[in-house]
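For reference, the structure is listed below as structure tokens.
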Amino acid sequence: MALFDRKNLLPVMTVGAQVLKQQAQPILQVNDDIRAFAKDMIHAMREYDGIGLAAPQAGRSLRLVVLEVPGSDEEELSPGEAAMLPQMPMVLVNPRIIGRSDSVCERDEGCLSVPGIYAPVVRSERVVLQSELLDGSVIEYECGGLLGRCIQHELDHLDGFLFTDRLAPEEYRFIERQLESLERAGKKTNYIRRRK
């Protein structure tokens, strides 16, 4: 662990941080700074036991996402799962969803920026992801399963949304006090979550 130590671990911004409410800026050119930041994001995602992290969660308003979704034992994988899961971790540059299935599903979600809170979110069962990669190539895949959900969750961060913004009103009421408490606690640390 000589390359990384906890002192240099990227902080994760928590609910209440202004950067989490902003529309992230496109990346105009992949350079050494972007590559180094992506590497640091992967490290932070792993240290915080996440499966995805968006640049705004790491304090920078950029359209950059890292993913490390675990493999699936489903028999029938979506084309995106079949292609992307073996390549994890992946770095997505300027990712966007260009299509969504009409069918939806509900599943509990959590978030590194909303620690300790989980609630059911309805999302499209499948999405079509288009993204650049660090090497300049472009991918386009239909993604389902946990990967499809994770993509939707992380790309929401690029547009200033948290999963809590997607909750049905009755579900939101159920976690509202916890959320307010988390935001109050965040004010004391400038909304920075650090690994203990």
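Each chain in the structure tokens gets a letter, A, B and so on, in the order shown; residues start at 1 in every chain, and ligands are counted from 1 in the order they appear.
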
Name the residues in contact with segment 60-70 of chain A at a cut-off of 6 Å, using only C-alpha atoms, excluding same-chain residues fewer than 4 positions from it; report them as a PyMOL selection string. chain A and resi 24-26+51-56+88-94+158

Based on the backbone DSSP call, show me all residues of chain A assigned strand (DSSP E or B), as a PDB file with N, CA and C atoms, in the first residue's frame.
ATOM      1  N   VAL A  12     -15.036  11.516   0.515  1.00  0.00           N
ATOM      2  CA  VAL A  12     -16.326  11.348  -0.145  1.00  0.00           C
ATOM      3  C   VAL A  12     -17.247  12.415   0.415  1.00  0.00           C
ATOM      4  N   MET A  13     -17.878  13.174  -0.473  1.00  0.00           N
ATOM      5  CA  MET A  13     -18.786  14.236  -0.066  1.00  0.00           C
ATOM      6  C   MET A  13     -20.121  13.624   0.338  1.00  0.00           C
ATOM      7  N   GLN A  25     -19.511  19.037 -15.185  1.00  0.00           N
ATOM      8  CA  GLN A  25     -18.959  19.551 -16.441  1.00  0.00           C
ATOM      9  C   GLN A  25     -18.372  18.426 -17.299  1.00  0.00           C
ATOM     10  N   GLY A  52     -19.501   1.795  -7.121  1.00  0.00           N
ATOM     11  CA  GLY A  52     -19.484   2.886  -8.080  1.00  0.00           C
ATOM     12  C   GLY A  52     -19.186   4.181  -7.354  1.00  0.00           C
ATOM     13  N   LEU A  53     -18.570   5.119  -8.060  1.00  0.00           N
ATOM     14  CA  LEU A  53     -18.289   6.437  -7.492  1.00  0.00           C
ATOM     15  C   LEU A  53     -18.249   7.435  -8.645  1.00  0.00           C
ATOM     16  N   ALA A  54     -18.948   8.548  -8.463  1.00  0.00           N
ATOM     17  CA  ALA A  54     -18.954   9.613  -9.470  1.00  0.00           C
ATOM     18  C   ALA A  54     -18.063  10.753  -8.984  1.00  0.00           C
ATOM     19  N   LEU A  62     -17.101  16.902 -12.440  1.00  0.00           N
ATOM     20  CA  LEU A  62     -16.689  16.383 -13.744  1.00  0.00           C
ATOM     21  C   LEU A  62     -17.563  15.190 -14.108  1.00  0.00           C
ATOM     22  N   LEU A  64     -17.340  12.053 -14.829  1.00  0.00           N
ATOM     23  CA  LEU A  64     -16.429  10.920 -14.711  1.00  0.00           C
ATOM     24  C   LEU A  64     -16.988   9.964 -13.662  1.00  0.00           C
ATOM     25  N   VAL A  65     -17.022   8.684 -13.990  1.00  0.00           N
ATOM     26  CA  VAL A  65     -17.568   7.666 -13.096  1.00  0.00           C
ATOM     27  C   VAL A  65     -16.631   6.472 -13.088  1.00  0.00           C
ATOM     28  N   VAL A  66     -16.436   5.880 -11.920  1.00  0.00           N
ATOM     29  CA  VAL A  66     -15.720   4.603 -11.844  1.00  0.00           C
ATOM     30  C   VAL A  66     -16.699   3.550 -11.326  1.00  0.00           C
ATOM     31  N   LEU A  67     -16.560   2.341 -11.851  1.00  0.00           N
ATOM     32  CA  LEU A  67     -17.440   1.231 -11.485  1.00  0.00           C
ATOM     33  C   LEU A  67     -16.617   0.006 -11.141  1.00  0.00           C
ATOM     34  N   MET A  90     -13.901  -0.232 -14.132  1.00  0.00           N
ATOM     35  CA  MET A  90     -13.983   0.538 -15.376  1.00  0.00           C
ATOM     36  C   MET A  90     -14.102   2.017 -15.061  1.00  0.00           C
ATOM     37  N   VAL A  91     -13.552   2.828 -15.957  1.00  0.00           N
ATOM     38  CA  VAL A  91     -13.655   4.282 -15.841  1.00  0.00           C
ATOM     39  C   VAL A  91     -14.467   4.779 -17.035  1.00  0.00           C
ATOM     40  N   LEU A  92     -15.544   5.492 -16.755  1.00  0.00           N
ATOM     41  CA  LEU A  92     -16.411   6.037 -17.797  1.00  0.00           C
ATOM     42  C   LEU A  92     -16.213   7.543 -17.877  1.00  0.00           C
ATOM     43  N   VAL A  93     -15.918   8.033 -19.078  1.00  0.00           N
ATOM     44  CA  VAL A  93     -15.691   9.455 -19.317  1.00  0.00           C
ATOM     45  C   VAL A  93     -16.873   9.999 -20.119  1.00  0.00           C
ATOM     46  N   ASN A  94     -17.503  11.039 -19.605  1.00  0.00           N
ATOM     47  CA  ASN A  94     -18.683  11.639 -20.246  1.00  0.00           C
ATOM     48  C   ASN A  94     -19.754  10.588 -20.582  1.00  0.00           C
ATOM     49  N   PRO A  95     -20.095   9.721 -19.626  1.00  0.00           N
ATOM     50  CA  PRO A  95     -21.093   8.683 -19.919  1.00  0.00           C
ATOM     51  C   PRO A  95     -22.487   9.279 -20.042  1.00  0.00           C
ATOM     52  N   ARG A  96     -23.319   8.627 -20.835  1.00  0.00           N
ATOM     53  CA  ARG A  96     -24.719   9.057 -20.909  1.00  0.00           C
ATOM     54  C   ARG A  96     -25.605   7.859 -21.224  1.00  0.00           C
ATOM     55  N   ILE A  97     -26.842   7.987 -20.804  1.00  0.00           N
ATOM     56  CA  ILE A  97     -27.836   6.962 -21.085  1.00  0.00           C
ATOM     57  C   ILE A  97     -28.606   7.425 -22.313  1.00  0.00           C
ATOM     58  N   ILE A  98     -28.577   6.602 -23.364  1.00  0.00           N
ATOM     59  CA  ILE A  98     -29.228   7.012 -24.615  1.00  0.00           C
ATOM     60  C   ILE A  98     -30.503   6.220 -24.883  1.00  0.00           C
ATOM     61  N   GLY A  99     -30.850   5.308 -23.976  1.00  0.00           N
ATOM     62  CA  GLY A  99     -32.089   4.556 -24.122  1.00  0.00           C
ATOM     63  C   GLY A  99     -32.451   3.883 -22.810  1.00  0.00           C
ATOM     64  N   ARG A 100     -33.755   3.669 -22.610  1.00  0.00           N
ATOM     65  CA  ARG A 100     -34.246   3.025 -21.387  1.00  0.00           C
ATOM     66  C   ARG A 100     -35.359   2.061 -21.744  1.00  0.00           C
ATOM     67  N   VAL A 104     -39.709  -1.496 -15.553  1.00  0.00           N
ATOM     68  CA  VAL A 104     -38.971  -0.969 -14.412  1.00  0.00           C
ATOM     69  C   VAL A 104     -38.904  -2.033 -13.317  1.00  0.00           C
ATOM     70  N   CYS A 105     -38.017  -1.822 -12.358  1.00  0.00           N
ATOM     71  CA  CYS A 105     -37.960  -2.707 -11.197  1.00  0.00           C
ATOM     72  C   CYS A 105     -37.559  -1.871  -9.985  1.00  0.00           C
ATOM     73  N   GLU A 106     -37.933  -2.379  -8.818  1.00  0.00           N
ATOM     74  CA  GLU A 106     -37.643  -1.684  -7.567  1.00  0.00           C
ATOM     75  C   GLU A 106     -36.629  -2.497  -6.780  1.00  0.00           C
ATOM     76  N   ARG A 107     -35.657  -1.800  -6.212  1.00  0.00           N
ATOM     77  CA  ARG A 107     -34.628  -2.477  -5.421  1.00  0.00           C
ATOM     78  C   ARG A 107     -34.054  -1.487  -4.419  1.00  0.00           C
ATOM     79  N   ASP A 108     -33.676  -1.970  -3.248  1.00  0.00           N
ATOM     80  CA  ASP A 108     -33.056  -1.095  -2.253  1.00  0.00           C
ATOM     81  C   ASP A 108     -31.718  -0.580  -2.779  1.00  0.00           C
ATOM     82  N   GLU A 109     -31.470   0.681  -2.517  1.00  0.00           N
ATOM     83  CA  GLU A 109     -30.189   1.293  -2.866  1.00  0.00           C
ATOM     84  C   GLU A 109     -29.622   1.996  -1.651  1.00  0.00           C
ATOM     85  N   ALA A 119     -33.018   2.587   0.835  1.00  0.00           N
ATOM     86  CA  ALA A 119     -34.450   2.702   0.525  1.00  0.00           C
ATOM     87  C   ALA A 119     -34.697   2.181  -0.884  1.00  0.00           C
ATOM     88  N   PRO A 120     -35.934   1.729  -1.147  1.00  0.00           N
ATOM     89  CA  PRO A 120     -36.255   1.175  -2.467  1.00  0.00           C
ATOM     90  C   PRO A 120     -36.434   2.268  -3.534  1.00  0.00           C
ATOM     91  N   VAL A 121     -35.758   2.053  -4.663  1.00  0.00           N
ATOM     92  CA  VAL A 121     -35.813   2.998  -5.778  1.00  0.00           C
ATOM     93  C   VAL A 121     -36.307   2.260  -7.013  1.00  0.00           C
ATOM     94  N   VAL A 122     -37.240   2.871  -7.723  1.00  0.00           N
ATOM     95  CA  VAL A 122     -37.738   2.310  -8.986  1.00  0.00           C
ATOM     96  C   VAL A 122     -36.871   2.860 -10.110  1.00  0.00           C
ATOM     97  N   ARG A 123     -36.311   1.964 -10.908  1.00  0.00           N
ATOM     98  CA  ARG A 123     -35.485   2.381 -12.059  1.00  0.00           C
ATOM     99  C   ARG A 123     -35.809   1.488 -13.248  1.00  0.00           C
ATOM    100  N   SER A 124     -35.371   1.930 -14.418  1.00  0.00           N
ATOM    101  CA  SER A 124     -35.524   1.126 -15.627  1.00  0.00           C
ATOM    102  C   SER A 124     -34.781  -0.191 -15.455  1.00  0.00           C
ATOM    103  N   VAL A 127     -30.856  -0.163 -19.486  1.00  0.00           N
ATOM    104  CA  VAL A 127     -30.519   1.119 -20.102  1.00  0.00           C
ATOM    105  C   VAL A 127     -29.470   0.882 -21.183  1.00  0.00           C
ATOM    106  N   VAL A 128     -29.395   1.802 -22.113  1.00  0.00           N
ATOM    107  CA  VAL A 128     -28.325   1.766 -23.110  1.00  0.00           C
ATOM    108  C   VAL A 128     -27.320   2.845 -22.719  1.00  0.00           C
ATOM    109  N   LEU A 129     -26.120   2.394 -22.389  1.00  0.00           N
ATOM    110  CA  LEU A 129     -25.031   3.281 -21.977  1.00  0.00           C
ATOM    111  C   LEU A 129     -24.142   3.581 -23.169  1.00  0.00           C
ATOM    112  N   GLN A 130     -23.785   4.859 -23.308  1.00  0.00           N
ATOM    113  CA  GLN A 130     -22.757   5.254 -24.269  1.00  0.00           C
ATOM    114  C   GLN A 130     -21.713   6.029 -23.487  1.00  0.00           C
ATOM    115  N   SER A 131     -20.455   5.684 -23.667  1.00  0.00           N
ATOM    116  CA  SER A 131     -19.407   6.357 -22.903  1.00  0.00           C
ATOM    117  C   SER A 131     -18.069   6.280 -23.605  1.00  0.00           C
ATOM    118  N   GLU A 132     -17.254   7.292 -23.352  1.00  0.00           N
ATOM    119  CA  GLU A 132     -15.855   7.236 -23.744  1.00  0.00           C
ATOM    120  C   GLU A 132     -15.108   6.503 -22.626  1.00  0.00           C
ATOM    121  N   VAL A 138     -14.890   4.449 -27.601  1.00  0.00           N
ATOM    122  CA  VAL A 138     -16.280   4.681 -27.195  1.00  0.00           C
ATOM    123  C   VAL A 138     -16.986   3.336 -27.115  1.00  0.00           C
ATOM    124  N   ILE A 139     -17.742   3.143 -26.037  1.00  0.00           N
ATOM    125  CA  ILE A 139     -18.535   1.919 -25.892  1.00  0.00           C
ATOM    126  C   ILE A 139     -20.017   2.275 -25.923  1.00  0.00           C
ATOM    127  N   GLU A 140     -20.810   1.324 -26.352  1.00  0.00           N
ATOM    128  CA  GLU A 140     -22.268   1.477 -26.313  1.00  0.00           C
ATOM    129  C   GLU A 140     -22.856   0.097 -26.050  1.00  0.00           C
ATOM    130  N   TYR A 141     -23.497  -0.062 -24.884  1.00  0.00           N
ATOM    131  CA  TYR A 141     -24.034  -1.361 -24.489  1.00  0.00           C
ATOM    132  C   TYR A 141     -25.403  -1.215 -23.827  1.00  0.00           C
ATOM    133  N   GLU A 142     -26.215  -2.230 -24.047  1.00  0.00           N
ATOM    134  CA  GLU A 142     -27.443  -2.349 -23.267  1.00  0.00           C
ATOM    135  C   GLU A 142     -27.072  -3.059 -21.967  1.00  0.00           C
ATOM    136  N   CYS A 143     -27.415  -2.441 -20.845  1.00  0.00           N
ATOM    137  CA  CYS A 143     -27.001  -2.957 -19.541  1.00  0.00           C
ATOM    138  C   CYS A 143     -28.205  -3.208 -18.641  1.00  0.00           C
ATOM    139  N   ILE A 192     -17.668  16.319   4.390  1.00  0.00           N
ATOM    140  CA  ILE A 192     -16.612  15.392   3.965  1.00  0.00           C
ATOM    141  C   ILE A 192     -16.667  14.141   4.843  1.00  0.00           C
ATOM    142  N   ARG A 193     -16.807  13.024   4.211  1.00  0.00           N
ATOM    143  CA  ARG A 193     -16.778  11.737   4.907  1.00  0.00           C
ATOM    144  C   ARG A 193     -15.375  11.186   4.766  1.00  0.00           C
TER     145      ARG A 193
END

So, counting only C-alpha atoms, which residue among A:Leu182, A:Leu9, A:Leu20, A:Leu146 is closest to Phe163 of chain A?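 Ranked by minimum distance to Phe163 of chain A, first place goes to A:Leu20.
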
For the helix (DSSP H, G or I) assignment from backbone DSSP, which residues of segment 143-182 of chain A qualify? Please present them as a PyMOL selection string. chain A and resi 145-158+163-166+169-182

Dump N, CA and C atoms for the selected residues as a CSV table (one decimal), in the first residue's frame?
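Output below, filename selection-v8.csv:
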chain,number,residue,atom,x,y,z
A,145,GLY,N,-29.5,-5.8,-14.9
A,145,GLY,CA,-29.0,-6.3,-13.6
A,145,GLY,C,-28.5,-5.2,-12.7
A,146,LEU,N,-27.6,-5.6,-11.8
A,146,LEU,CA,-27.0,-4.6,-10.9
A,146,LEU,C,-26.2,-3.6,-11.7
A,147,LEU,N,-25.5,-4.0,-12.8
A,147,LEU,CA,-24.8,-3.0,-13.6
A,147,LEU,C,-25.7,-1.9,-14.1
A,148,GLY,N,-26.8,-2.3,-14.7
A,148,GLY,CA,-27.7,-1.3,-15.2
A,148,GLY,C,-28.2,-0.3,-14.1
A,149,ARG,N,-28.5,-0.8,-12.9
A,149,ARG,CA,-28.9,0.0,-11.8
A,149,ARG,C,-27.8,0.9,-11.3
A,150,CYS,N,-26.6,0.4,-11.2
A,150,CYS,CA,-25.5,1.2,-10.8
A,150,CYS,C,-25.2,2.3,-11.8
A,151,ILE,N,-25.3,2.0,-13.1
A,151,ILE,CA,-25.0,3.1,-14.1
A,151,ILE,C,-26.1,4.2,-13.9
A,152,GLN,N,-27.3,3.9,-13.7
A,152,GLN,CA,-28.4,4.9,-13.5
A,152,GLN,C,-28.1,5.7,-12.2
A,153,HIS,N,-27.7,5.0,-11.2
A,153,HIS,CA,-27.4,5.7,-9.9
A,153,HIS,C,-26.2,6.6,-10.0
A,154,GLU,N,-25.1,6.2,-10.6
A,154,GLU,CA,-23.9,7.0,-10.7
A,154,GLU,C,-24.1,8.2,-11.7
A,155,LEU,N,-24.8,7.9,-12.8
A,155,LEU,CA,-25.1,9.0,-13.8
A,155,LEU,C,-26.0,10.1,-13.2
A,156,ASP,N,-26.9,9.7,-12.3
A,156,ASP,CA,-27.7,10.7,-11.6
A,156,ASP,C,-26.8,11.7,-10.8
A,157,HIS,N,-25.7,11.2,-10.2
A,157,HIS,CA,-24.8,12.1,-9.5
A,157,HIS,C,-24.2,13.2,-10.5
A,158,LEU,N,-24.1,12.8,-11.7
A,158,LEU,CA,-23.5,13.8,-12.7
A,158,LEU,C,-24.5,14.9,-13.0
A,163,PHE,N,-30.0,9.2,-4.9
A,163,PHE,CA,-31.0,8.2,-4.9
A,163,PHE,C,-32.2,8.6,-4.1
A,164,THR,N,-32.0,9.4,-3.1
A,164,THR,CA,-33.1,9.9,-2.2
A,164,THR,C,-34.0,10.8,-2.9
A,165,ASP,N,-33.5,11.5,-4.0
A,165,ASP,CA,-34.4,12.3,-4.8
A,165,ASP,C,-35.4,11.5,-5.7
A,166,ARG,N,-35.1,10.2,-5.8
A,166,ARG,CA,-35.9,9.3,-6.7
A,166,ARG,C,-36.9,8.5,-5.9
A,169,PRO,N,-42.9,9.4,-2.3
A,169,PRO,CA,-43.1,10.3,-1.1
A,169,PRO,C,-43.2,9.5,0.2
A,170,GLU,N,-43.9,8.4,0.2
A,170,GLU,CA,-44.0,7.6,1.5
A,170,GLU,C,-42.6,7.0,1.9
A,171,GLU,N,-41.8,6.6,0.9
A,171,GLU,CA,-40.5,6.1,1.3
A,171,GLU,C,-39.6,7.2,1.8
A,172,TYR,N,-39.7,8.4,1.2
A,172,TYR,CA,-38.9,9.5,1.6
A,172,TYR,C,-39.2,9.9,3.0
A,173,ARG,N,-40.5,9.9,3.3
A,173,ARG,CA,-40.9,10.3,4.7
A,173,ARG,C,-40.3,9.3,5.7
A,174,PHE,N,-40.1,8.1,5.3
A,174,PHE,CA,-39.6,7.0,6.2
A,174,PHE,C,-38.1,7.3,6.6
A,175,ILE,N,-37.4,7.9,5.7
A,175,ILE,CA,-35.9,8.2,5.9
A,175,ILE,C,-35.6,9.7,6.2
A,176,GLU,N,-36.7,10.5,6.1
A,176,GLU,CA,-36.4,12.0,6.2
A,176,GLU,C,-35.7,12.4,7.4
A,177,ARG,N,-36.0,11.9,8.6
A,177,ARG,CA,-35.3,12.3,9.8
A,177,ARG,C,-33.8,11.9,9.8
A,178,GLN,N,-33.6,10.7,9.3
A,178,GLN,CA,-32.2,10.2,9.2
A,178,GLN,C,-31.4,11.1,8.3
A,179,LEU,N,-32.0,11.5,7.2
A,179,LEU,CA,-31.4,12.3,6.2
A,179,LEU,C,-31.0,13.7,6.7
A,180,GLU,N,-32.0,14.3,7.5
A,180,GLU,CA,-31.8,15.6,8.1
A,180,GLU,C,-30.7,15.5,9.1
A,181,SER,N,-30.6,14.4,9.9
A,181,SER,CA,-29.6,14.2,10.9
A,181,SER,C,-28.2,14.1,10.2
A,182,LEU,N,-28.1,13.4,9.1
A,182,LEU,CA,-26.9,13.2,8.4
A,182,LEU,C,-26.4,14.5,7.8

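The nearest approach to Glu74 of chain A among the residues A:Gly144, A:Gly136, A:Ser113, A:Pro11, with only C-alpha atoms taken into account, belongs to A:Gly144.
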
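Using only C-alpha atoms, the nearest neighbour of Ser103 of chain A within the list A:Thr189, A:Gly50, A:Gly16, A:Arg126 is A:Arg126.
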
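Across the model, the gap from atom CA of Gly59 of chain A to atom CA of Arg194 of chain A is 12.5 Å.
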
Near segment 42-44 of chain A, within 6 Å and counting only C-alpha atoms, which residues show up once chain neighbours fewer than 3 positions away are dropped, as an NGL selection string? :A and (10 or 39 or 47)

Residue nearest Ile27 of chain A among A:Thr14, A:Gly110, A:Leu134, A:Leu162 (counting only C-alpha atoms): A:Leu134
